[in-house]
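Student: First, the structure itself, so that you have it in front of you.
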Amino acid sequence: SLRSSGVVGHEFAPVRDLASVPPSATAVPEPARAPLPEKLLLRAKRPFAGLAMRFYGPFALIGMAMIFLPRGPVFWVFLGAAVLWFALFPAVVQALLGPIERKVLAATPKTAPGVLDSLRSSSRVQLLAPFAWTAAQEGRLHLVRGDGRAAAKALSEAVRLAGAGLEPPTAIVSAIAQAHLIAEAPEQARELLVALAKRQALGPWEELHLGIALLLGGKVRADEARKHVEVARQALGGYPRVLAAEALAGQREGAQEGAMEVLKAAEVALAEAPDPLAELVLERARRLLRPAIKAQEKRSRKLEARAGKDKAKGLVKDEGAAKGKEAAKGPGKDEAKETGTKGLVRGEEKEQAQGTGGKGQAGRQGP
């Protein structure tokens with residue numbers, strides 16, 4: 001387990017627990033993917049073409065029925081069609097805009113610019129989409145691609161166009177706070193999230209973002225931030241943003257070793273699921289942990305060098321011992337071989353000498 005060194009009252013969770021996302025986390029969409037309030041579609045202003053379709057169409061049907069049709073079944077059919085047209089028009093618009101919104105929700109940092117271009121050039125959006133809906137979709141895409149200032153501007157415009165200035169929807173406020181964090185304006189994000197806390201409208205993502213705002217702000221409140229990050233971690237699990245916040249919180253508390261381990265886990269998770277805010281928090285944690293990381297690397301190099309020297313010494317000792325054994329055994333064998341060879345040569349020389357002597361004697365006795 002990862003334990004904070006020198007920090008009383010807190011203990012890091014194991015990395016395997018941080019990196020596992022509980023099934024319930026899938027039911028908690030992050031602010032950029034949270035459902036938009038229906039009043040963005042029902043109350044917001046629309047393009048002139050959309051207004052004409054909703055109001056002028058039913059009035060045209062009623063006028064035709066009143067002027068050209070006698071009272072009868074066809075007359076009442078025209079009136080009923082006019083009423084249905086007016087009542088169902090928002091639902092028809094939602095059905096037509098649904099596929100576009102699903103593309104926005106499925107966007108990634110790489111695909112978001114292309115989705116943004118297609119959103120702006122879509123004829124359905126230009127003719128039918130409420131202005132607040134369009135601004136909210138653009139804000140979502142800016143948030144996904146990591147442009148915090150553009151996202152905050154678009155989402156704030158969506159709130160203004162929807163006429164929700166007195167009490168903005170929680171999802172939009174949370175998304176604006178996230179945009180301020182990406183734009184490196186943590187104080188503005190903290191103000192929005194504290195306002196949500198007063199309304200008792202903090203969800204797991206809002207808890208996490210409030211903790212990040214407290215960690216990134218000018219006056220760091222590590223203890224308070226830790227509480228918010230812990231609440232978020234219990235609900236969300238090991239999302240890259242959660243791990244990055246854990247690493248930064250550990251560094252702020254002085255738990256260098258534990259923070260460095262969580263930092264490694266966050267880097268692995270972030271490589272699999274890119275997240276602009278997580279990258280920002282992770283970069284801040286990495287910069288603050290740089291002295292500790294360098295010290296750890298220096299210790300590792302020293303240990304490796306020492307282990308290499310010990311291994312080299314061991315090899316030298318083994319080679320010396322092997323040479324000693326060979327030196328002890330080798331000369332005896334060589335001397336034996338040399339002695340045996342010399343004995344054979346001497347034996348052969350004796351035989352030759354004896355043979356020569358025998359022939360000489362036979363020659364003398366013969367005549």
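All residue names refer to the structure tokens as shown: chains lettered A, B, ... in order, residues numbered from 1 in each chain, ligands numbered from 1 in order.
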Could you pull the residues within 9 Å of Gln137 (chain A), counting only C-alpha atoms, minus those fewer than 4 positions along the same chain, as a PyMOL selection string?

Tutor: chain A and resi 101+104-105+116+119+132-133+141-142+154-155

Student: Can those selected residues be exported to a file as a PDB file, in the first residue's frame so that it contains N, CA, C and O atoms?

Tutor:
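Saved as again14.pdb:
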ATOM      1  N   GLU A 101     -26.096  15.580 -31.216  1.00  0.00           N
ATOM      2  CA  GLU A 101     -25.689  15.645 -29.816  1.00  0.00           C
ATOM      3  C   GLU A 101     -24.944  14.389 -29.394  1.00  0.00           C
ATOM      4  O   GLU A 101     -23.987  14.456 -28.609  1.00  0.00           O
ATOM      5  N   VAL A 104     -21.453  14.727 -30.367  1.00  0.00           N
ATOM      6  CA  VAL A 104     -20.752  15.632 -29.452  1.00  0.00           C
ATOM      7  C   VAL A 104     -20.354  14.894 -28.180  1.00  0.00           C
ATOM      8  O   VAL A 104     -19.231  15.032 -27.683  1.00  0.00           O
ATOM      9  N   LEU A 105     -21.272  14.088 -27.648  1.00  0.00           N
ATOM     10  CA  LEU A 105     -20.988  13.379 -26.403  1.00  0.00           C
ATOM     11  C   LEU A 105     -19.911  12.313 -26.589  1.00  0.00           C
ATOM     12  O   LEU A 105     -19.194  11.981 -25.635  1.00  0.00           O
ATOM     13  N   LEU A 116     -16.749  19.850 -34.080  1.00  0.00           N
ATOM     14  CA  LEU A 116     -17.110  21.265 -33.937  1.00  0.00           C
ATOM     15  C   LEU A 116     -17.359  21.902 -35.308  1.00  0.00           C
ATOM     16  O   LEU A 116     -18.324  22.655 -35.485  1.00  0.00           O
ATOM     17  N   LEU A 119     -20.649  20.622 -36.627  1.00  0.00           N
ATOM     18  CA  LEU A 119     -21.763  21.229 -35.892  1.00  0.00           C
ATOM     19  C   LEU A 119     -22.095  22.604 -36.459  1.00  0.00           C
ATOM     20  O   LEU A 119     -23.271  22.927 -36.677  1.00  0.00           O
ATOM     21  N   ALA A 132     -29.141  28.592 -27.479  1.00  0.00           N
ATOM     22  CA  ALA A 132     -28.535  28.108 -26.241  1.00  0.00           C
ATOM     23  C   ALA A 132     -28.029  26.677 -26.398  1.00  0.00           C
ATOM     24  O   ALA A 132     -26.965  26.315 -25.870  1.00  0.00           O
ATOM     25  N   TRP A 133     -28.788  25.854 -27.127  1.00  0.00           N
ATOM     26  CA  TRP A 133     -28.362  24.468 -27.372  1.00  0.00           C
ATOM     27  C   TRP A 133     -27.062  24.458 -28.158  1.00  0.00           C
ATOM     28  O   TRP A 133     -26.127  23.720 -27.826  1.00  0.00           O
ATOM     29  N   LEU A 141     -17.608  20.757 -26.611  1.00  0.00           N
ATOM     30  CA  LEU A 141     -16.500  20.364 -27.478  1.00  0.00           C
ATOM     31  C   LEU A 141     -15.215  21.106 -27.122  1.00  0.00           C
ATOM     32  O   LEU A 141     -14.126  20.529 -27.149  1.00  0.00           O
ATOM     33  N   HIS A 142     -15.331  22.385 -26.793  1.00  0.00           N
ATOM     34  CA  HIS A 142     -14.151  23.128 -26.347  1.00  0.00           C
ATOM     35  C   HIS A 142     -13.593  22.518 -25.064  1.00  0.00           C
ATOM     36  O   HIS A 142     -12.367  22.461 -24.866  1.00  0.00           O
ATOM     37  N   ALA A 154     -18.484  29.943 -24.070  1.00  0.00           N
ATOM     38  CA  ALA A 154     -19.640  29.350 -24.758  1.00  0.00           C
ATOM     39  C   ALA A 154     -20.690  28.866 -23.762  1.00  0.00           C
ATOM     40  O   ALA A 154     -21.899  29.060 -23.975  1.00  0.00           O
ATOM     41  N   LEU A 155     -20.271  28.241 -22.687  1.00  0.00           N
ATOM     42  CA  LEU A 155     -21.231  27.733 -21.701  1.00  0.00           C
ATOM     43  C   LEU A 155     -21.922  28.873 -20.963  1.00  0.00           C
ATOM     44  O   LEU A 155     -23.129  28.790 -20.661  1.00  0.00           O
TER      45      LEU A 155
END

Student: List as a list in words the protein and nucleic acid residues near region 229-231 of chain A, meaning an atom at most 10 Å away when only C-alpha atoms are counted, but skip any in the same chain fewer than 3 places from it.

Tutor: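 These residues fall inside the cut-off: Phe12, Ala13, Gly203, Pro204, Trp205, Glu206, Glu207, Leu208, His209, Leu210, Gly211, Ile212, Glu224, Ala225, Arg226, Gln234, Ala235, Leu236, Gly237, Val242, Leu243, Ala245, Glu246 and Ala249 of chain A.
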
Student: Restricting it to C-alpha atoms, dump the selection as a PDB file, in the first residue's frame.

Tutor:
ATOM      1  CA  PHE A  12      -3.018   6.278   0.453  1.00  0.00           C
ATOM      2  CA  ALA A  13      -5.163   3.583  -1.082  1.00  0.00           C
ATOM      3  CA  GLY A 203     -21.837  15.444  -7.083  1.00  0.00           C
ATOM      4  CA  PRO A 204     -18.672  13.327  -7.350  1.00  0.00           C
ATOM      5  CA  TRP A 205     -17.231  15.372 -10.211  1.00  0.00           C
ATOM      6  CA  GLU A 206     -17.994  18.634  -8.446  1.00  0.00           C
ATOM      7  CA  GLU A 207     -16.286  17.314  -5.304  1.00  0.00           C
ATOM      8  CA  LEU A 208     -13.242  16.389  -7.355  1.00  0.00           C
ATOM      9  CA  HIS A 209     -13.103  19.737  -9.137  1.00  0.00           C
ATOM     10  CA  LEU A 210     -13.474  21.626  -5.870  1.00  0.00           C
ATOM     11  CA  GLY A 211     -10.566  19.649  -4.442  1.00  0.00           C
ATOM     12  CA  ILE A 212      -8.476  20.435  -7.537  1.00  0.00           C
ATOM     13  CA  GLU A 224      -9.810  20.428   2.838  1.00  0.00           C
ATOM     14  CA  ALA A 225      -8.863  19.449  -0.699  1.00  0.00           C
ATOM     15  CA  ARG A 226      -8.010  15.924   0.446  1.00  0.00           C
ATOM     16  CA  GLN A 234     -14.941   6.567  -3.559  1.00  0.00           C
ATOM     17  CA  ALA A 235     -17.549   7.233  -6.245  1.00  0.00           C
ATOM     18  CA  LEU A 236     -15.414   7.474  -9.379  1.00  0.00           C
ATOM     19  CA  GLY A 237     -12.498   5.112  -8.819  1.00  0.00           C
ATOM     20  CA  VAL A 242      -8.777  11.353  -9.817  1.00  0.00           C
ATOM     21  CA  LEU A 243      -5.286   9.835  -9.793  1.00  0.00           C
ATOM     22  CA  ALA A 245      -5.538  14.917  -7.968  1.00  0.00           C
ATOM     23  CA  GLU A 246      -4.404  12.192  -5.538  1.00  0.00           C
ATOM     24  CA  ALA A 249      -2.721  16.226  -2.874  1.00  0.00           C
TER      25      ALA A 249
END

Student: Taking only region 127-293 of chain A into account, list the residues labelled helix (DSSP H, G or I) by DSSP (computed from the backbone), as JSON, numbers by chain.

Tutor: {"A": [127, 128, 131, 132, 133, 134, 135, 136, 137, 138, 139, 140, 141, 142, 143, 144, 145, 148, 149, 150, 151, 152, 153, 154, 155, 156, 157, 158, 159, 160, 161, 162, 170, 171, 172, 173, 174, 175, 176, 177, 178, 179, 180, 181, 182, 186, 187, 188, 189, 190, 191, 192, 193, 194, 195, 196, 197, 198, 204, 205, 206, 207, 208, 209, 210, 211, 212, 213, 214, 215, 216, 222, 223, 224, 225, 226, 227, 228, 229, 230, 231, 232, 233, 234, 235, 236, 240, 241, 242, 243, 244, 245, 246, 247, 248, 249, 250, 251, 252, 253, 256, 257, 258, 259, 260, 261, 262, 263, 264, 265, 266, 267, 268, 269, 270, 271, 272, 276, 277, 278, 279, 280, 281, 282, 283, 284, 285, 286, 287, 288, 290, 291, 292, 293]}

Student: Which residue, A:Ala60, A:Val220, A:Ala232, A:Ala158, has the smallest gap to Gln251 (chain A) when you use only C-alpha atoms?

Tutor: A:Val220

Student: Between A:Lys110, A:Lys103, A:His228, A:Arg124, which is the closest to Glu138 (chain A) once you count only C-alpha atoms?

Tutor: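 Looking only at the distances to Glu138 (chain A), the closest residue turns out to be A:Lys103.
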
Student: Could you give me, as a ChimeraX atom specification, the residues within 8 Å of region 159-174 of chain A, counting only C-alpha atoms and dropping anything in the same chain fewer than 3 positions from it?

Tutor: /A:31,34-37,39-40,43-45,131-132,155-156,177-178,192-193,196,201,206
